[in-house]
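Trainee: Have a peek at target.pdb (PDB, C-alpha atoms and all ligand atoms).
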MODEL        1
ATOM      1  CA  MET A   1       2.280   1.153 -22.968
ATOM      2  CA  ASN A   2       0.878  -2.343 -23.554
ATOM      3  CA  THR A   3      -2.610  -3.256 -24.539
ATOM      4  CA  ALA A   4      -4.180  -6.200 -22.776
ATOM      5  CA  THR A   5      -7.274  -8.286 -23.263
ATOM      6  CA  GLN A   6      -9.030  -8.500 -19.973
ATOM      7  CA  ILE A   7     -10.275 -11.710 -18.474
ATOM      8  CA  THR A   8     -13.948 -12.665 -18.594
ATOM      9  CA  LEU A   9     -14.851 -13.658 -15.057
ATOM     10  CA  ARG A  10     -17.170 -16.459 -13.995
ATOM     11  CA  GLN A  11     -18.249 -14.360 -11.057
ATOM     12  CA  SER A  12     -17.113 -11.055  -9.569
ATOM     13  CA  ARG A  13     -16.514 -10.442  -5.917
ATOM     14  CA  ASN A  14     -18.856  -8.007  -4.178
ATOM     15  CA  ILE A  15     -18.256  -5.256  -1.658
ATOM     16  CA  GLU A  16     -18.565  -6.660   1.837
ATOM     17  CA  ARG A  17     -18.131  -3.368   3.654
ATOM     18  CA  LEU A  18     -17.365   0.308   3.009
ATOM     19  CA  VAL A  19     -14.780   2.039   5.201
ATOM     20  CA  GLU A  20     -14.343   5.783   5.569
ATOM     21  CA  GLY A  21     -10.976   5.889   7.316
ATOM     22  CA  VAL A  22      -9.893   8.047  10.227
ATOM     23  CA  ALA A  23      -8.379  11.522   9.962
ATOM     24  CA  THR A  24      -5.147  11.605  11.905
ATOM     25  CA  SER A  25      -1.631  12.951  11.876
ATOM     26  CA  ASP A  26       1.682  11.146  12.053
ATOM     27  CA  GLY A  27       5.399  11.840  11.825
ATOM     28  CA  ALA A  28       6.150  15.460  12.777
ATOM     29  CA  GLY A  29       2.550  16.501  12.049
ATOM     30  CA  VAL A  30       1.577  15.205   8.616
ATOM     31  CA  THR A  31      -2.173  15.272   8.022
ATOM     32  CA  LEU A  32      -3.455  11.997   6.609
ATOM     33  CA  THR A  33      -6.350   9.560   6.511
ATOM     34  CA  ARG A  34      -5.719   6.126   8.015
ATOM     35  CA  VAL A  35      -7.883   3.989   5.764
ATOM     36  CA  LEU A  36      -6.744   0.594   6.971
ATOM     37  CA  THR A  37      -6.587   0.787  10.764
ATOM     38  CA  GLY A  38      -5.509  -1.766  13.369
ATOM     39  CA  LYS A  39      -9.071  -3.089  13.638
ATOM     40  CA  LEU A  40      -8.931  -4.310  10.018
ATOM     41  CA  GLN A  41      -5.542  -6.048  10.223
ATOM     42  CA  ARG A  42      -7.043  -9.466  10.815
ATOM     43  CA  ARG A  43      -9.703  -9.111   8.094
ATOM     44  CA  LEU A  44      -7.225  -7.747   5.561
ATOM     45  CA  ASP A  45      -4.234  -9.947   6.490
ATOM     46  CA  PRO A  46      -1.432  -9.600   5.182
ATOM     47  CA  PHE A  47      -2.005  -5.811   5.086
ATOM     48  CA  LEU A  48      -1.406  -3.869   8.288
ATOM     49  CA  MET A  49      -2.065  -0.267   7.370
ATOM     50  CA  LEU A  50      -3.008   2.038   4.498
ATOM     51  CA  ASP A  51      -2.573   5.777   4.842
ATOM     52  CA  ALA A  52      -3.866   8.167   2.185
ATOM     53  CA  PHE A  53      -2.381  11.653   2.087
ATOM     54  CA  GLY A  54      -3.343  14.480  -0.198
ATOM     55  CA  SER A  55      -3.090  18.212   0.299
ATOM     56  CA  GLU A  56      -2.059  21.373  -1.463
ATOM     57  CA  ASP A  57      -1.439  23.094   1.876
ATOM     58  CA  PRO A  58       2.253  22.728   2.826
ATOM     59  CA  ASP A  59       1.335  22.998   6.524
ATOM     60  CA  ASP A  60      -0.259  19.557   6.138
ATOM     61  CA  TYR A  61       2.927  17.848   4.953
ATOM     62  CA  ILE A  62       6.025  20.035   5.252
ATOM     63  CA  ALA A  63       7.342  18.565   8.529
ATOM     64  CA  GLY A  64       7.432  15.055   7.060
ATOM     65  CA  PHE A  65       8.573  11.999   8.966
ATOM     66  CA  PRO A  66      11.937  12.570  10.695
ATOM     67  CA  ASP A  67      14.086   9.591  11.764
ATOM     68  CA  HIS A  68      11.955   6.673  12.953
ATOM     69  CA  PRO A  69      12.381   2.877  13.077
ATOM     70  CA  HIS A  70      10.496  -0.041  11.513
ATOM     71  CA  ARG A  71      10.802  -3.777  12.122
ATOM     72  CA  GLY A  72       8.938  -6.867  10.935
ATOM     73  CA  PHE A  73       7.116  -5.780   7.762
ATOM     74  CA  GLU A  74       7.362  -3.996   4.402
ATOM     75  CA  THR A  75       6.345  -0.451   3.521
ATOM     76  CA  VAL A  76       5.178   0.562   0.059
ATOM     77  CA  THR A  77       4.942   4.277  -0.704
ATOM     78  CA  TYR A  78       3.188   5.290  -3.917
ATOM     79  CA  MET A  79       3.438   8.964  -4.778
ATOM     80  CA  LEU A  80       0.707  10.278  -7.089
ATOM     81  CA  ALA A  81       2.053  13.813  -6.916
ATOM     82  CA  GLY A  82       4.879  15.408  -5.020
ATOM     83  CA  ARG A  83       8.469  14.744  -4.042
ATOM     84  CA  MET A  84       9.749  13.016  -0.927
ATOM     85  CA  ARG A  85      13.388  12.474   0.051
ATOM     86  CA  HIS A  86      14.232   9.458   2.157
ATOM     87  CA  ARG A  87      17.433   8.489   3.933
ATOM     88  CA  ASP A  88      18.126   5.432   6.053
ATOM     89  CA  ASN A  89      20.710   4.161   8.498
ATOM     90  CA  ALA A  90      22.148   1.766   5.881
ATOM     91  CA  GLY A  91      23.244   4.792   3.845
ATOM     92  CA  HIS A  92      20.501   4.574   1.244
ATOM     93  CA  GLU A  93      19.078   7.796  -0.080
ATOM     94  CA  GLY A  94      16.511   8.428  -2.781
ATOM     95  CA  LEU A  95      13.995  10.876  -4.111
ATOM     96  CA  LEU A  96      10.455   9.708  -4.743
ATOM     97  CA  GLY A  97       8.638  11.772  -7.377
ATOM     98  CA  ASP A  98       5.310  11.931  -9.242
ATOM     99  CA  GLY A  99       4.051   8.428  -9.985
ATOM    100  CA  GLY A 100       7.019   6.719  -8.317
ATOM    101  CA  VAL A 101       7.084   3.845  -5.843
ATOM    102  CA  GLN A 102       9.372   3.041  -2.953
ATOM    103  CA  TRP A 103       9.323  -0.550  -1.747
ATOM    104  CA  MET A 104      11.093  -1.161   1.556
ATOM    105  CA  VAL A 105      11.538  -4.402   3.461
ATOM    106  CA  ALA A 106      12.233  -3.256   7.017
ATOM    107  CA  GLY A 107      13.028  -6.827   8.131
ATOM    108  CA  ARG A 108      15.108  -6.820  11.334
ATOM    109  CA  GLY A 109      15.249  -3.060  11.421
ATOM    110  CA  VAL A 110      15.536   0.193   9.526
ATOM    111  CA  ILE A 111      15.747   3.747  10.828
ATOM    112  CA  HIS A 112      14.799   6.231   8.147
ATOM    113  CA  SER A 113      13.398   9.672   7.437
ATOM    114  CA  GLU A 114      10.825  10.660   4.815
ATOM    115  CA  ILE A 115      10.901  14.425   4.233
ATOM    116  CA  PRO A 116       9.016  16.389   1.537
ATOM    117  CA  GLU A 117      11.319  18.020  -0.988
ATOM    118  CA  GLN A 118       8.881  20.761  -1.921
ATOM    119  CA  GLU A 119       7.604  23.808  -0.118
ATOM    120  CA  HIS A 120       4.383  24.262  -2.060
ATOM    121  CA  GLY A 121       2.135  22.408  -4.450
ATOM    122  CA  VAL A 122       0.213  19.184  -4.139
ATOM    123  CA  MET A 123       1.507  16.187  -2.218
ATOM    124  CA  GLU A 124      -0.678  13.127  -2.734
ATOM    125  CA  GLY A 125      -0.192   9.402  -2.374
ATOM    126  CA  PHE A 126      -0.409   6.309  -0.232
ATOM    127  CA  GLN A 127       1.636   4.322   2.221
ATOM    128  CA  LEU A 128       0.783   0.652   2.598
ATOM    129  CA  TRP A 129       2.217  -1.698   5.240
ATOM    130  CA  LEU A 130       2.528  -5.321   4.200
ATOM    131  CA  ASN A 131       3.288  -7.941   6.826
ATOM    132  CA  LEU A 132       6.225 -10.342   6.626
ATOM    133  CA  PRO A 133       5.880 -14.029   7.484
ATOM    134  CA  ALA A 134       7.352 -15.018  10.866
ATOM    135  CA  GLN A 135      10.457 -16.596   9.366
ATOM    136  CA  ARG A 136      11.307 -13.408   7.414
ATOM    137  CA  LYS A 137      10.648 -10.735  10.021
ATOM    138  CA  MET A 138      14.332 -10.600  10.920
ATOM    139  CA  ALA A 139      15.583 -10.679   7.315
ATOM    140  CA  GLU A 140      18.159  -8.182   6.084
ATOM    141  CA  PRO A 141      16.538  -4.822   5.266
ATOM    142  CA  TRP A 142      16.115  -4.009   1.576
ATOM    143  CA  TYR A 143      14.698  -1.173  -0.422
ATOM    144  CA  GLN A 144      14.266   0.027  -3.971
ATOM    145  CA  ASP A 145      12.899   3.156  -5.626
ATOM    146  CA  TYR A 146      11.054   2.851  -8.923
ATOM    147  CA  ALA A 147      10.579   5.989 -10.999
ATOM    148  CA  SER A 148       7.192   6.376 -12.662
ATOM    149  CA  GLU A 149       8.430   5.294 -16.111
ATOM    150  CA  LYS A 150       9.613   1.956 -14.668
ATOM    151  CA  ILE A 151       6.096   0.941 -13.656
ATOM    152  CA  PRO A 152       4.393  -1.245 -16.302
ATOM    153  CA  GLU A 153       1.123   0.112 -17.652
ATOM    154  CA  TYR A 154      -1.513  -1.347 -19.928
ATOM    155  CA  THR A 155      -4.698  -0.144 -21.567
ATOM    156  CA  THR A 156      -7.815  -2.159 -22.273
ATOM    157  CA  ALA A 157     -10.160  -1.927 -25.285
ATOM    158  CA  GLU A 158     -12.391   0.333 -23.152
ATOM    159  CA  ASN A 159      -9.479   2.699 -22.524
ATOM    160  CA  VAL A 160      -8.998   1.720 -18.934
ATOM    161  CA  THR A 161      -5.393   2.433 -17.918
ATOM    162  CA  VAL A 162      -3.810   0.167 -15.347
ATOM    163  CA  ARG A 163      -0.463   0.706 -13.649
ATOM    164  CA  VAL A 164       0.858  -2.574 -12.259
ATOM    165  CA  ILE A 165       2.939  -1.836  -9.182
ATOM    166  CA  ALA A 166       3.036  -5.384  -7.802
ATOM    167  CA  GLY A 167       1.785  -8.793  -8.849
ATOM    168  CA  SER A 168       0.264  -9.289 -12.270
ATOM    169  CA  SER A 169      -2.997  -8.364 -13.957
ATOM    170  CA  ASN A 170      -4.405  -9.539 -17.286
ATOM    171  CA  GLY A 171      -1.028 -10.973 -18.242
ATOM    172  CA  VAL A 172       1.013  -7.872 -17.391
ATOM    173  CA  ALA A 173       3.604  -8.295 -14.631
ATOM    174  CA  GLY A 174       4.271  -5.458 -12.221
ATOM    175  CA  VAL A 175       7.551  -3.917 -11.212
ATOM    176  CA  VAL A 176       7.608  -5.856  -7.923
ATOM    177  CA  ALA A 177       6.854  -9.531  -7.223
ATOM    178  CA  ARG A 178       6.891 -10.792  -3.647
ATOM    179  CA  GLU A 179       6.785 -14.375  -2.465
ATOM    180  CA  VAL A 180       4.578 -15.712   0.319
ATOM    181  CA  THR A 181       2.079 -12.813   0.467
ATOM    182  CA  GLU A 182       1.931 -12.460  -3.364
ATOM    183  CA  PRO A 183       0.703  -8.838  -3.243
ATOM    184  CA  LEU A 184      -1.224  -7.313  -6.126
ATOM    185  CA  TYR A 185      -1.159  -3.501  -6.277
ATOM    186  CA  LEU A 186      -2.873  -1.765  -9.188
ATOM    187  CA  ASP A 187      -3.611   1.901  -9.897
ATOM    188  CA  ILE A 188      -6.640   1.946 -12.212
ATOM    189  CA  HIS A 189      -8.023   4.871 -14.243
ATOM    190  CA  LEU A 190     -11.509   4.257 -15.651
ATOM    191  CA  PRO A 191     -13.075   6.671 -18.126
ATOM    192  CA  ALA A 192     -16.814   7.315 -17.738
ATOM    193  CA  GLY A 193     -18.826   4.328 -18.958
ATOM    194  CA  ALA A 194     -15.973   1.817 -18.830
ATOM    195  CA  SER A 195     -15.680  -1.357 -16.846
ATOM    196  CA  PHE A 196     -12.642  -3.382 -15.856
ATOM    197  CA  SER A 197     -12.008  -6.925 -14.689
ATOM    198  CA  THR A 198      -8.989  -8.644 -13.215
ATOM    199  CA  ALA A 199      -8.489 -12.075 -11.674
ATOM    200  CA  LEU A 200      -8.015 -12.497  -7.918
ATOM    201  CA  PRO A 201      -7.323 -15.781  -6.103
ATOM    202  CA  ALA A 202     -10.471 -16.484  -4.078
ATOM    203  CA  MET A 203      -8.733 -16.761  -0.711
ATOM    204  CA  HIS A 204      -6.630 -13.628  -1.082
ATOM    205  CA  ASN A 205      -7.885 -10.663   0.908
ATOM    206  CA  ALA A 206      -8.582  -7.640  -1.273
ATOM    207  CA  PHE A 207      -9.858  -4.083  -1.198
ATOM    208  CA  VAL A 208     -10.251  -1.029  -3.386
ATOM    209  CA  TYR A 209      -9.723   2.604  -2.424
ATOM    210  CA  VAL A 210     -11.276   5.200  -4.728
ATOM    211  CA  TYR A 211      -9.409   8.521  -4.915
ATOM    212  CA  ARG A 212     -11.281  10.268  -7.761
ATOM    213  CA  GLY A 213     -14.880   9.968  -8.934
ATOM    214  CA  ALA A 214     -16.858   6.896  -7.928
ATOM    215  CA  VAL A 215     -17.116   3.270  -9.022
ATOM    216  CA  GLN A 216     -19.652   0.487  -8.911
ATOM    217  CA  VAL A 217     -18.794  -3.058  -7.796
ATOM    218  CA  GLY A 218     -21.841  -5.306  -8.125
ATOM    219  CA  ASP A 219     -24.697  -3.442  -6.432
ATOM    220  CA  THR A 220     -22.475  -1.216  -4.352
ATOM    221  CA  ARG A 221     -21.291   2.272  -5.174
ATOM    222  CA  VAL A 222     -17.892   3.240  -3.798
ATOM    223  CA  ASP A 223     -17.390   6.996  -3.612
ATOM    224  CA  ALA A 224     -14.115   8.885  -3.547
ATOM    225  CA  LYS A 225     -12.173   8.589  -0.288
ATOM    226  CA  ARG A 226     -13.819   5.283   0.544
ATOM    227  CA  MET A 227     -12.347   1.829   0.850
ATOM    228  CA  GLY A 228     -14.446  -1.098  -0.291
ATOM    229  CA  ILE A 229     -13.478  -4.449   1.225
ATOM    230  CA  LEU A 230     -14.045  -7.182  -1.356
ATOM    231  CA  GLY A 231     -15.745 -10.262   0.063
ATOM    232  CA  ASN A 232     -14.067 -13.664  -0.340
ATOM    233  CA  ALA A 233     -16.434 -16.094  -2.057
ATOM    234  CA  PRO A 234     -15.021 -19.454  -3.203
ATOM    235  CA  GLU A 235     -16.829 -19.196  -6.564
ATOM    236  CA  ALA A 236     -15.659 -15.620  -7.339
ATOM    237  CA  ASP A 237     -12.563 -15.605  -9.540
ATOM    238  CA  GLY A 238     -11.893 -11.867  -9.647
ATOM    239  CA  VAL A 239     -13.500  -8.471  -9.530
ATOM    240  CA  THR A 240     -15.349  -6.310 -12.049
ATOM    241  CA  ILE A 241     -15.339  -2.560 -11.465
ATOM    242  CA  ALA A 242     -17.534  -0.162 -13.454
ATOM    243  CA  ALA A 243     -17.547   3.625 -13.608
ATOM    244  CA  SER A 244     -20.309   5.976 -14.784
ATOM    245  CA  GLU A 245     -17.963   8.939 -14.319
ATOM    246  CA  ASP A 246     -14.173   9.230 -14.640
ATOM    247  CA  ALA A 247     -12.705   7.404 -11.682
ATOM    248  CA  ARG A 248      -9.369   6.478 -10.202
ATOM    249  CA  LEU A 249      -8.704   3.860  -7.596
ATOM    250  CA  ILE A 250      -6.143   1.491  -6.213
ATOM    251  CA  LEU A 251      -6.850  -2.231  -5.965
ATOM    252  CA  ILE A 252      -4.786  -4.209  -3.468
ATOM    253  CA  ALA A 253      -4.865  -7.947  -2.743
ATOM    254  CA  GLY A 254      -2.651 -10.472  -0.975
ATOM    255  CA  LYS A 255      -2.449 -13.953   0.458
ATOM    256  CA  PRO A 256      -3.176 -14.036   4.198
ATOM    257  CA  LEU A 257      -0.410 -15.217   6.543
ATOM    258  CA  ASN A 258      -2.751 -16.411   9.317
ATOM    259  CA  GLU A 259      -0.105 -15.727  11.953
ATOM    260  CA  PRO A 260      -0.418 -13.771  15.228
ATOM    261  CA  ILE A 261      -0.066  -9.992  14.777
ATOM    262  CA  VAL A 262       1.392  -7.978  17.654
ATOM    263  CA  GLN A 263       1.975  -4.302  16.870
ATOM    264  CA  TYR A 264       3.636  -1.603  18.918
ATOM    265  CA  GLY A 265       3.819   1.523  16.759
ATOM    266  CA  PRO A 266       6.381   0.900  14.003
ATOM    267  CA  PHE A 267       7.184  -2.663  15.143
ATOM    268  CA  VAL A 268       4.983  -5.551  14.000
ATOM    269  CA  MET A 269       5.943  -8.995  15.280
ATOM    270  CA  ASN A 270       4.245 -12.263  16.269
ATOM    271  CA  THR A 271       4.666 -12.143  20.067
ATOM    272  CA  GLU A 272       4.910  -9.634  22.942
ATOM    273  CA  LEU A 273       8.388 -10.949  23.676
ATOM    274  CA  GLU A 274       9.543 -10.076  20.155
ATOM    275  CA  ILE A 275       8.104  -6.568  20.608
ATOM    276  CA  HIS A 276      10.039  -6.092  23.859
ATOM    277  CA  GLN A 277      13.142  -7.298  22.024
ATOM    278  CA  ALA A 278      12.498  -4.790  19.189
ATOM    279  CA  ILE A 279      12.158  -1.891  21.644
ATOM    280  CA  ASP A 280      15.291  -2.996  23.480
ATOM    281  CA  ASP A 281      17.273  -3.421  20.244
ATOM    282  CA  PHE A 282      16.179   0.008  19.002
ATOM    283  CA  ARG A 283      17.012   1.759  22.304
ATOM    284  CA  ASN A 284      20.407   0.116  22.406
ATOM    285  CA  GLY A 285      21.398   0.967  18.852
ATOM    286  CA  ARG A 286      21.087  -2.561  17.467
ATOM    287  CA  PHE A 287      19.128  -1.458  14.363
ATOM    288  CA  ALA A 288      22.270   0.040  12.840
TER
HETATM  289 FE    FE B 301       8.675   5.074   7.721
ENDMDL
END
What would the structure in this file look like if it were written as structure tokens?
Mentor:
Amino acid sequence: MNTATQITLRQSRNIERLVEGVATSDGAGVTLTRVLTGKLQRRLDPFLMLDAFGSEDPDDYIAGFPDHPHRGFETVTYMLAGRMRHRDNAGHEGLLGDGGVQWMVAGRGVIHSEIPEQEHGVMEGFQLWLNLPAQRKMAEPWYQDYASEKIPEYTTAENVTVRVIAGSSNGVAGVVAREVTEPLYLDIHLPAGASFSTALPAMHNAFVYVYRGAVQVGDTRVDAKRMGILGNAPEADGVTIAASEDARLILIAGKPLNEPIVQYGPFVMNTELEIHQAIDDFRNGRFA
């Protein structure tokens, strides 16, 4: 565990909008909350989706996500609690456990399954979809699992604990660095009474999602199970988050691609033609 001196900001971003998310189910019947829906893809470019899942009832998760394809983007699964086994058509297999991350670049195509490896207990975490730039949508697929102990963590003087999954924060580099979209992905634990600041490039789109307690950003309170979209102001050089009670949240930011987004289920491309091609390639076994 590192200690880090946090930046003093000139000006913090503010919350532009609070989002509740939509209860839904996906895969073979997994109950989840879609926090970042299709309607927010343009505003939160390069992010395409955020699902939050959390349940201690196995009926909500046990069926998992049997074989399904992806093309044209990256998926980032962060498991707060629980165990999930994944297998893909390239022969990769891995087990994601408490506090672990799986980063997958679907690129030109992956077919995989994500199946819980537990029959009881809590399963809680997030899946984020990060877009790929046009010239990398058909890249070779890639994936990596990172066990919890591989994820860099730091603590501030106010005892805020920060896990750096991607990007860098207050001088601490995360376990993943990605070009072009330069994603930042932090898991932040604030004790009651603490505040926390980190730098954010002004033009990067950013949001927080609170999963325990509540936080304050400027004049706005963000309760648990709410996303707060952080406004982009040219003079704001980061965000300051305060907590009057113990709170946990994720903070995600990235550089927008400003390219057309055409989605059909698990395929996200730039044009309708590329979507038809993806469907055709999948149906004809060209993802293998
Ligand atoms: Fe998947």
Trainee: If the PyMOL selection byres (((chain A and resi 91) around 12) and not hetatm) is run on the structure shown, which residues does it catch, given as a list in words?
Mentor: His86, Arg87, Asp88, Asn89, Ala90, His92, Glu93, Gly94, Val110, Ile111, His112, Ser113, Pro141, Trp142, Tyr143 and Ala288 of chain A
Trainee: Using all atoms listed in the file, find each residue in chain A having at least one atom no more than 8 Å away from ligand FE 301 (chain B); report its shortest atom-to-atom pair and that distance in Å (one decimal), rows by chain then rising number, as CSV.
Mentor:
residue,atom,partner,partner_atom,distance
A:Phe65,CA,B:FE301,FE,7.0
A:His68,CA,B:FE301,FE,6.4
A:Pro69,CA,B:FE301,FE,6.9
A:His70,CA,B:FE301,FE,6.6
A:Thr75,CA,B:FE301,FE,7.3
A:Ile111,CA,B:FE301,FE,7.8
A:His112,CA,B:FE301,FE,6.2
A:Ser113,CA,B:FE301,FE,6.6
A:Glu114,CA,B:FE301,FE,6.7
A:Pro266,CA,B:FE301,FE,7.9
Trainee: Could you list, as a list in words, every residue within 6 Å of A:Phe53, counting only C-alpha atoms and ignoring same-chain residues fewer than 3 positions away?
Mentor: Leu32, Glu124 and Gly125 of chain A
Trainee: Apply the PyMOL selection byres (((chain A and resi 147) around 12) and not hetatm) to the file shown and report the selected residues as a PyMOL selection string.
Mentor: chain A and resi 77-80+83+94-103+144-146+148-152+165+175
Trainee: Can those selected residues be exported to a file as a PDB file, keeping the file's coordinate frame so that it contains C-alpha atoms?
Mentor:
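result15.pdb, freshly written:
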ATOM      1  CA  THR A  77       4.942   4.277  -0.704  1.00  0.00           C
ATOM      2  CA  TYR A  78       3.188   5.290  -3.917  1.00  0.00           C
ATOM      3  CA  MET A  79       3.438   8.964  -4.778  1.00  0.00           C
ATOM      4  CA  LEU A  80       0.707  10.278  -7.089  1.00  0.00           C
ATOM      5  CA  ARG A  83       8.469  14.744  -4.042  1.00  0.00           C
ATOM      6  CA  GLY A  94      16.511   8.428  -2.781  1.00  0.00           C
ATOM      7  CA  LEU A  95      13.995  10.876  -4.111  1.00  0.00           C
ATOM      8  CA  LEU A  96      10.455   9.708  -4.743  1.00  0.00           C
ATOM      9  CA  GLY A  97       8.638  11.772  -7.377  1.00  0.00           C
ATOM     10  CA  ASP A  98       5.310  11.931  -9.242  1.00  0.00           C
ATOM     11  CA  GLY A  99       4.051   8.428  -9.985  1.00  0.00           C
ATOM     12  CA  GLY A 100       7.019   6.719  -8.317  1.00  0.00           C
ATOM     13  CA  VAL A 101       7.084   3.845  -5.843  1.00  0.00           C
ATOM     14  CA  GLN A 102       9.372   3.041  -2.953  1.00  0.00           C
ATOM     15  CA  TRP A 103       9.323  -0.550  -1.747  1.00  0.00           C
ATOM     16  CA  GLN A 144      14.266   0.027  -3.971  1.00  0.00           C
ATOM     17  CA  ASP A 145      12.899   3.156  -5.626  1.00  0.00           C
ATOM     18  CA  TYR A 146      11.054   2.851  -8.923  1.00  0.00           C
ATOM     19  CA  SER A 148       7.192   6.376 -12.662  1.00  0.00           C
ATOM     20  CA  GLU A 149       8.430   5.294 -16.111  1.00  0.00           C
ATOM     21  CA  LYS A 150       9.613   1.956 -14.668  1.00  0.00           C
ATOM     22  CA  ILE A 151       6.096   0.941 -13.656  1.00  0.00           C
ATOM     23  CA  PRO A 152       4.393  -1.245 -16.302  1.00  0.00           C
ATOM     24  CA  ILE A 165       2.939  -1.836  -9.182  1.00  0.00           C
ATOM     25  CA  VAL A 175       7.551  -3.917 -11.212  1.00  0.00           C
TER      26      VAL A 175
END
Trainee: Exactly which residues make up the result of the PyMOL selection byres (((chain A and resi 52) around 10) and not hetatm) on this file, given as a list in words?
Mentor: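 Written out, the selection comes to Gly21, Ala23, Thr31, Leu32, Thr33, Arg34, Val35, Leu36, Leu50, Asp51, Phe53, Gly54, Tyr78, Glu124, Gly125, Phe126, Gln127, Leu128, Tyr209, Tyr211 and Lys225 of chain A.
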